[in-house]
>>> print(open('protein_4.cif').read())   # mmCIF, C-alpha atoms
data_work
loop_
_atom_site.label_atom_id
_atom_site.label_comp_id
_atom_site.auth_asym_id
_atom_site.auth_seq_id
_atom_site.Cartn_x
_atom_site.Cartn_y
_atom_site.Cartn_z
CA MET V 1 0.00 0.00 0.00
CA ILE V 2 2.96 2.35 0.63
CA ILE V 3 4.27 1.69 -2.88
CA SER V 4 0.76 2.42 -4.14
CA ALA V 5 0.68 5.70 -2.21
CA PHE V 6 4.03 6.78 -3.66
CA GLY V 7 2.90 5.94 -7.20
CA PHE V 8 -0.30 7.95 -6.83
CA SER V 9 1.61 10.87 -5.26
CA VAL V 10 3.95 11.15 -8.24
CA MET V 11 0.95 10.76 -10.54
CA GLY V 12 -0.75 13.69 -8.79
CA LEU V 13 2.35 15.83 -9.25
CA LEU V 14 2.53 14.97 -12.95
CA VAL V 15 -1.18 15.72 -13.41
CA LYS V 16 -0.60 19.11 -11.81
CA LEU V 17 2.34 19.76 -14.16
CA ALA V 18 0.30 18.69 -17.20
CA SER V 19 -2.57 20.99 -16.23
CA LEU V 20 -0.14 23.89 -15.79
CA ARG V 21 0.96 23.27 -19.39
CA GLY V 22 -2.63 23.72 -20.56
CA PHE V 23 -3.74 20.13 -21.05
CA PRO V 24 -7.47 19.59 -20.34
CA VAL V 25 -8.53 17.01 -17.76
CA PHE V 26 -10.11 14.67 -20.33
CA GLU V 27 -6.87 14.50 -22.32
CA ILE V 28 -4.84 13.76 -19.19
CA ILE V 29 -7.25 10.96 -18.27
CA ALA V 30 -7.09 9.60 -21.84
CA ALA V 31 -3.29 9.53 -21.71
CA ARG V 32 -3.36 7.71 -18.39
CA ALA V 33 -5.99 5.24 -19.61
CA GLY V 34 -4.11 4.51 -22.83
CA VAL V 35 -0.89 3.58 -21.04
CA SER V 36 -2.79 1.62 -18.38
CA LEU V 37 -4.73 -0.30 -21.04
CA ILE V 38 -1.53 -1.44 -22.78
CA LEU V 39 0.27 -2.40 -19.55
CA SER V 40 -2.77 -4.19 -18.11
CA TYR V 41 -3.37 -6.19 -21.28
CA TRP V 42 0.32 -7.14 -21.45
CA ASP V 43 0.21 -8.39 -17.85
CA ILE V 44 -2.97 -10.37 -18.55
CA LYS V 45 -1.36 -12.06 -21.54
CA ARG V 46 1.76 -12.79 -19.50
CA SER V 47 -0.35 -14.30 -16.71
CA GLN V 48 -2.45 -16.30 -19.21
CA VAL V 49 -5.82 -15.39 -17.69
CA SER V 50 -9.11 -14.41 -19.32
CA ALA V 51 -9.00 -10.72 -20.24
CA PHE V 52 -12.66 -10.02 -19.55
CA GLY V 53 -13.06 -11.86 -16.24
CA TYR V 54 -16.12 -13.57 -14.81
CA ASN V 55 -18.30 -11.01 -13.01
CA LYS V 56 -18.63 -8.58 -15.88
CA LYS V 57 -21.38 -6.43 -14.32
CA ILE V 58 -19.34 -5.63 -11.21
CA LEU V 59 -16.19 -5.23 -13.31
CA PHE V 60 -18.03 -2.67 -15.44
CA LEU V 61 -19.26 -0.93 -12.28
CA ARG V 62 -15.69 -0.81 -10.99
CA GLY V 63 -14.58 0.85 -14.22
CA PHE V 64 -17.46 3.35 -14.21
CA LEU V 65 -16.98 4.37 -10.57
CA GLY V 66 -13.26 4.64 -11.18
CA PHE V 67 -13.85 6.93 -14.15
CA LEU V 68 -16.10 9.26 -12.13
CA ALA V 69 -13.58 9.27 -9.29
CA LEU V 70 -10.67 10.02 -11.61
CA LEU V 71 -12.54 12.82 -13.36
CA ALA V 72 -13.30 14.48 -10.02
CA VAL V 73 -9.81 13.91 -8.58
CA TYR V 74 -7.98 15.26 -11.63
CA THR V 75 -10.31 18.26 -11.79
CA SER V 76 -9.65 18.99 -8.10
CA LEU V 77 -5.90 18.78 -8.75
CA THR V 78 -6.26 21.60 -11.30
CA LEU V 79 -8.26 23.73 -8.84
CA LEU V 80 -6.51 23.07 -5.52
CA PRO V 81 -2.92 22.96 -4.25
CA LEU V 82 -1.51 19.42 -4.32
CA ALA V 83 -1.59 18.86 -0.55
CA GLU V 84 -5.17 20.13 -0.12
CA ALA V 85 -6.48 18.08 -3.05
CA THR V 86 -4.77 14.97 -1.71
CA ILE V 87 -5.99 15.29 1.88
CA ILE V 88 -9.61 15.72 0.75
CA GLN V 89 -9.29 12.78 -1.63
CA TYR V 90 -7.94 10.77 1.29
CA LEU V 91 -11.30 10.76 2.94
CA HIS V 92 -11.95 7.73 0.73
CA PRO V 93 -10.81 5.15 3.34
CA LEU V 94 -13.78 6.26 5.42
CA PHE V 95 -16.23 5.88 2.54
CA THR V 96 -14.63 2.54 1.65
CA ALA V 97 -15.18 1.26 5.19
CA ILE V 98 -18.81 2.43 5.23
CA LEU V 99 -19.62 0.99 1.79
CA ALA V 100 -17.82 -2.28 2.56
CA TRP V 101 -19.88 -2.54 5.75
CA HIS V 102 -23.12 -1.98 3.84
CA PHE V 103 -22.47 -4.11 0.77
CA LEU V 104 -19.84 -6.66 1.87
CA ASN V 105 -20.90 -7.12 5.51
CA GLU V 106 -17.50 -6.02 6.78
CA THR V 107 -17.59 -4.74 10.34
CA ILE V 108 -17.85 -1.02 11.09
CA SER V 109 -17.34 0.39 14.57
CA LYS V 110 -18.10 3.45 16.64
CA ASN V 111 -14.53 4.54 16.02
CA THR V 112 -15.33 4.76 12.32
CA MET V 113 -18.07 7.25 13.17
CA LEU V 114 -15.54 9.18 15.26
CA CYS V 115 -13.32 9.12 12.19
CA LEU V 116 -16.18 10.66 10.21
CA LEU V 117 -16.58 13.52 12.69
CA LEU V 118 -12.84 14.25 12.78
CA ALA V 119 -12.64 14.11 8.99
CA ILE V 120 -15.56 16.50 8.53
CA LEU V 121 -14.06 18.92 11.05
CA GLY V 122 -10.72 18.75 9.27
CA LEU V 123 -12.38 19.31 5.91
CA LEU V 124 -14.20 22.39 7.20
CA ILE V 125 -10.93 23.83 8.52
CA ILE V 126 -9.12 23.21 5.23
CA ALA V 127 -11.95 24.83 3.28
CA GLN V 128 -11.78 28.14 5.19
CA PRO V 129 -10.32 30.65 2.69
CA GLN V 130 -10.36 33.68 4.96
CA SER V 131 -8.75 32.29 8.10
CA LEU V 132 -5.55 30.78 9.45
CA GLY V 133 -3.46 32.00 6.52
CA ALA V 134 -5.13 29.72 3.99
CA GLN V 135 -5.01 30.15 0.24
CA LYS V 136 -8.36 30.86 -1.38
CA ILE V 137 -10.19 27.57 -1.80
CA THR V 138 -13.64 27.58 -3.37
CA THR V 139 -16.52 25.47 -2.11
CA THR V 140 -16.95 24.05 -5.62
CA ALA V 141 -13.37 22.77 -5.68
CA VAL V 142 -13.79 21.14 -2.26
CA LEU V 143 -17.07 19.49 -3.30
CA ILE V 144 -15.49 18.13 -6.48
CA ALA V 145 -12.63 16.64 -4.46
CA LEU V 146 -15.12 15.22 -1.95
CA PHE V 147 -17.18 13.64 -4.75
CA GLY V 148 -13.98 12.03 -6.00
CA ALA V 149 -13.39 10.57 -2.53
CA VAL V 150 -16.90 9.08 -2.42
CA MET V 151 -16.57 7.54 -5.88
CA SER V 152 -13.12 6.21 -4.98
CA GLY V 153 -14.65 4.56 -1.94
CA GLY V 154 -17.19 2.88 -4.18
CA ALA V 155 -14.51 1.76 -6.64
CA TYR V 156 -12.33 0.29 -3.88
CA THR V 157 -15.31 -1.56 -2.44
CA THR V 158 -15.92 -3.22 -5.80
CA VAL V 159 -12.21 -4.09 -5.97
CA ARG V 160 -12.49 -5.82 -2.60
CA TYR V 161 -15.50 -7.80 -3.84
CA LEU V 162 -13.93 -8.68 -7.19
CA SER V 163 -10.63 -9.76 -5.64
CA ARG V 164 -12.38 -12.96 -4.52
CA THR V 165 -12.74 -14.21 -8.10
CA GLU V 166 -10.81 -11.96 -10.51
CA HIS V 167 -7.13 -11.57 -11.39
CA PRO V 168 -5.75 -8.15 -10.26
CA SER V 169 -4.84 -7.14 -13.82
CA VAL V 170 -8.37 -7.93 -15.03
CA ILE V 171 -9.79 -5.65 -12.34
CA ILE V 172 -7.38 -2.91 -13.40
CA LEU V 173 -8.10 -3.47 -17.12
CA TYR V 174 -11.77 -2.51 -16.83
CA PHE V 175 -10.72 0.92 -15.58
CA PRO V 176 -9.09 2.08 -18.85
CA LEU V 177 -11.66 0.13 -20.87
CA ILE V 178 -14.28 2.54 -19.53
CA CYS V 179 -12.10 5.64 -19.20
CA LEU V 180 -10.49 5.75 -22.64
CA PRO V 181 -13.61 5.75 -24.84
CA SER V 182 -15.47 7.98 -22.36
CA THR V 183 -12.79 10.68 -22.37
CA ILE V 184 -12.39 10.58 -26.15
CA ILE V 185 -16.14 10.97 -26.69
CA LEU V 186 -16.58 13.70 -24.07
CA GLY V 187 -13.39 15.71 -24.59
CA TRP V 188 -11.97 15.20 -28.08
CA GLN V 189 -12.84 18.75 -29.18
CA ASP V 190 -10.51 20.24 -26.55
CA PHE V 191 -7.54 17.92 -27.07
CA ILE V 192 -4.21 19.59 -27.87
CA MET V 193 -1.14 18.02 -29.47
CA PRO V 194 1.70 17.32 -26.98
CA VAL V 195 5.18 18.52 -27.91
CA GLY V 196 8.61 17.65 -26.55
CA SER V 197 8.61 16.76 -22.86
CA ASP V 198 4.79 16.83 -22.80
CA TRP V 199 4.87 13.27 -24.13
CA ILE V 200 7.09 12.15 -21.26
CA ILE V 201 4.83 13.72 -18.63
CA LEU V 202 1.67 12.19 -20.10
CA PHE V 203 3.35 8.79 -20.46
CA LEU V 204 4.67 8.83 -16.89
CA ILE V 205 1.19 9.69 -15.58
CA GLY V 206 0.09 6.33 -16.97
CA VAL V 207 3.16 4.50 -15.65
CA PHE V 208 2.91 5.79 -12.07
CA THR V 209 -0.85 5.26 -12.15
CA GLN V 210 -0.21 1.61 -13.01
CA ILE V 211 2.25 1.32 -10.13
CA GLY V 212 -0.36 2.78 -7.79
CA GLN V 213 -3.17 0.60 -9.16
CA ILE V 214 -1.21 -2.65 -8.90
CA GLY V 215 -0.11 -1.90 -5.34
CA LEU V 216 -3.64 -0.90 -4.36
CA THR V 217 -5.37 -3.87 -5.98
CA ARG V 218 -2.97 -6.39 -4.45
CA GLY V 219 -3.10 -4.66 -1.06
CA ILE V 220 -6.90 -4.65 -0.91
CA ALA V 221 -6.96 -8.31 -1.95
CA LEU V 222 -4.83 -9.24 1.07
CA VAL V 223 -6.65 -7.43 3.88
CA ALA V 224 -10.05 -5.88 4.65
CA ALA V 225 -10.86 -2.93 2.42
CA GLY V 226 -11.01 -0.27 5.12
CA LYS V 227 -7.75 -1.37 6.71
CA ALA V 228 -5.86 -1.68 3.44
CA VAL V 229 -6.83 1.74 2.13
CA ALA V 230 -6.18 3.40 5.50
CA LEU V 231 -2.56 2.26 5.27
CA SER V 232 -2.08 4.42 2.20
CA TYR V 233 -2.75 7.78 3.88
CA ILE V 234 1.02 8.30 3.81
CA GLN V 235 0.28 9.67 0.32
CA VAL V 236 -0.70 12.90 2.06
CA VAL V 237 2.88 13.24 3.31
CA PHE V 238 4.31 12.43 -0.11
CA ALA V 239 2.00 14.99 -1.75
CA ALA V 240 2.97 17.73 0.70
CA ILE V 241 6.69 17.09 0.12
CA LEU V 242 6.32 17.07 -3.67
CA GLY V 243 4.12 20.17 -3.63
CA ILE V 244 6.66 22.11 -1.59
CA THR V 245 9.86 20.91 -3.30
CA VAL V 246 8.71 20.75 -6.93
CA LEU V 247 5.80 23.18 -7.25
CA GLY V 248 6.91 25.70 -4.64
CA GLU V 249 3.59 25.44 -2.80
CA THR V 250 3.28 26.37 0.86
CA LEU V 251 1.28 24.68 3.59
CA SER V 252 -1.07 27.11 5.30
CA LEU V 253 -1.87 26.78 8.99
CA SER V 254 -5.43 25.74 8.09
CA THR V 255 -4.13 22.94 5.89
CA ILE V 256 -1.80 21.66 8.62
CA ILE V 257 -4.50 21.74 11.32
CA GLY V 258 -7.21 20.33 9.05
CA SER V 259 -4.92 17.59 7.78
CA ALA V 260 -4.07 16.66 11.36
CA PHE V 261 -7.77 16.15 12.10
CA VAL V 262 -8.32 14.07 8.95
CA ILE V 263 -5.24 11.90 9.50
CA SER V 264 -6.13 11.47 13.18
CA GLY V 265 -9.53 10.20 12.11
CA LEU V 266 -7.96 7.78 9.64
CA ILE V 267 -5.58 6.51 12.32
CA VAL V 268 -8.52 5.94 14.68
CA ASN V 269 -10.33 4.06 11.92
CA HIS V 270 -7.25 1.97 11.11
CA TRP V 271 -6.59 1.19 14.80
CA SER V 272 -10.19 0.10 15.29
CA ILE V 273 -10.09 -2.27 12.32
CA SER V 274 -6.72 -3.69 13.37
CA LYS V 275 -7.99 -4.34 16.89
CA LEU V 276 -11.11 -6.05 15.54
CA ASP V 277 -9.00 -8.24 13.25
CA SER V 278 -6.81 -9.35 16.17
CA LEU V 279 -9.88 -10.27 18.25
CA GLN V 280 -11.33 -12.33 15.41
CA ARG V 281 -8.18 -14.42 14.99
#
>>> encode(input="protein_4.cif", output="structure tokens")
Amino acid sequence: MIISAFGFSVMGLLVKLASLRGFPVFEIIAARAGVSLILSYWDIKRSQVSAFGYNKKILFLRGFLGFLALLAVYTSLTLLPLAEATIIQYLHPLFTAILAWHFLNETISKNTMLCLLLAILGLLIIAQPQSLGAQKITTTAVLIALFGAVMSGGAYTTVRYLSRTEHPSVIILYFPLICLPSTIILGWQDFIMPVGSDWIILFLIGVFTQIGQIGLTRGIALVAAGKAVALSYIQVVFAAILGITVLGETLSLSTIIGSAFVISGLIVNHWSISKLDSLQR
């Protein structure tokens, strides 16, 4: 899960760089999906498994939820500083735990509800543009990032369900299978031709996405969904470091305090799940 977090952190940085060069969100998603489609199909052929899997309805749902999540996450990365966009997106372990409880009968505790309260409080602090030295953050940008977190939670819940019967690369394959045609249909009129190093950035977005996806899919397959995803909140730290060192962003006091509340909530959630797992053994 830590490898996954690092891969997604670098991906977020590259998405930010691509958006600063004028590339629209749909084109960035298409580039990512194209690379992911090739790498996933190659891995499926190497593993000699069926490319289209068994539970096609849930696989399609995984791809659709992933597309909605990615669209919201990438849009939020163009509207928010890297650290703020990442910390809001990292509310998804909470939504994963809640959805896995509802649909997969995985246990949810009172501590998860405490996590919800802490996360909401942290989100409200981060979203205050006029206080604590914060940069101006619009409500629309925060809501887009939050929608991405909810859709990510849904996608990760389907991954947990599918991991019982499907090969990890098949689960990953359905993501670009949905994303690539969707982005081409919806955004082809705004596409611009990459030049020079643009090609490298767009290609690496796909590569680091694949690293993140493989680590995430294998991690969720090994442990309960809420626990596995909670382990990856170290991405917030990676994002903050990359934002400061590469993009020259600064962490406002509101971001630091709000992030502390969100991460505290995730730690409470992770501790609760770990304790429950130990009692069930």
>>> closest_residue(input="protein_4.cif", among="V:Phe175, V:Tyr156, V:Phe261, V:Tyr161", to="Asn105 (chain V)", atoms="only C-alpha atoms")
V:Tyr161
>>> atom_distance(input="protein_4.cif", atom1="CA of Gly258 (chain V)", atom2="CA of Ile125 (chain V)")
5.1 Å
>>> residues_around(input="protein_4.cif", residues="Leu59 (chain V)", least_positions_apart="5", cutoff="12 Å", atoms="all atoms listed in the file", output="MDAnalysis selection string")
chainID V and resid 51:54 64:66 155:163 165:178
>>> closest_residue(input="protein_4.cif", among="V:Ile28, V:Ala33, V:Met151, V:Ala85", to="Arg62 (chain V)", atoms="only C-alpha atoms")
V:Met151
>>> residues_around(input="protein_4.cif", residues="Arg32 (chain V)", least_positions_apart="2", cutoff="12 Å", atoms="all atoms listed in the file", output="PyMOL selection string")
chain V and resi 8+11-12+14-15+18+25-30+34-40+67+70-71+74+175-177+179-180+183+199-211+213
>>> atom_distance(input="protein_4.cif", atom1="CA of Phe95 (chain V)", atom2="CA of Leu116 (chain V)")
9.0 Å
>>> residues_around(input="protein_4.cif", residues="Phe147 (chain V)", least_positions_apart="2", cutoff="10 Å", atoms="all atoms listed in the file", output="ChimeraX atom specification")
/V:68-69,71-73,76,88-89,92,141-145,149-153
>>> resolve_selection(input="protein_4.cif", expression="the PyMOL selection byres ((chain V and resi 119) around 10)", output="tab-separated table (two decimals) with C-alpha atoms, keeping the file's coordinate frame")
chain	number	residue	atom	x	y	z
V	87	ILE	CA	-5.99	15.29	1.88
V	88	ILE	CA	-9.61	15.72	0.75
V	90	TYR	CA	-7.94	10.77	1.29
V	91	LEU	CA	-11.30	10.76	2.94
V	94	LEU	CA	-13.78	6.26	5.42
V	113	MET	CA	-18.07	7.25	13.17
V	114	LEU	CA	-15.54	9.18	15.26
V	115	CYS	CA	-13.32	9.12	12.19
V	116	LEU	CA	-16.18	10.66	10.21
V	117	LEU	CA	-16.58	13.52	12.69
V	118	LEU	CA	-12.84	14.25	12.78
V	120	ILE	CA	-15.56	16.50	8.53
V	121	LEU	CA	-14.06	18.92	11.05
V	122	GLY	CA	-10.72	18.75	9.27
V	123	LEU	CA	-12.38	19.31	5.91
V	124	LEU	CA	-14.20	22.39	7.20
V	125	ILE	CA	-10.93	23.83	8.52
V	258	GLY	CA	-7.21	20.33	9.05
V	259	SER	CA	-4.92	17.59	7.78
V	260	ALA	CA	-4.07	16.66	11.36
V	261	PHE	CA	-7.77	16.15	12.10
V	262	VAL	CA	-8.32	14.07	8.95
V	263	ILE	CA	-5.24	11.90	9.50
V	264	SER	CA	-6.13	11.47	13.18
V	265	GLY	CA	-9.53	10.20	12.11
V	266	LEU	CA	-7.96	7.78	9.64
>>> atom_distance(input="protein_4.cif", atom1="CA of Gly7 (chain V)", atom2="CA of Arg218 (chain V)")
13.9 Å
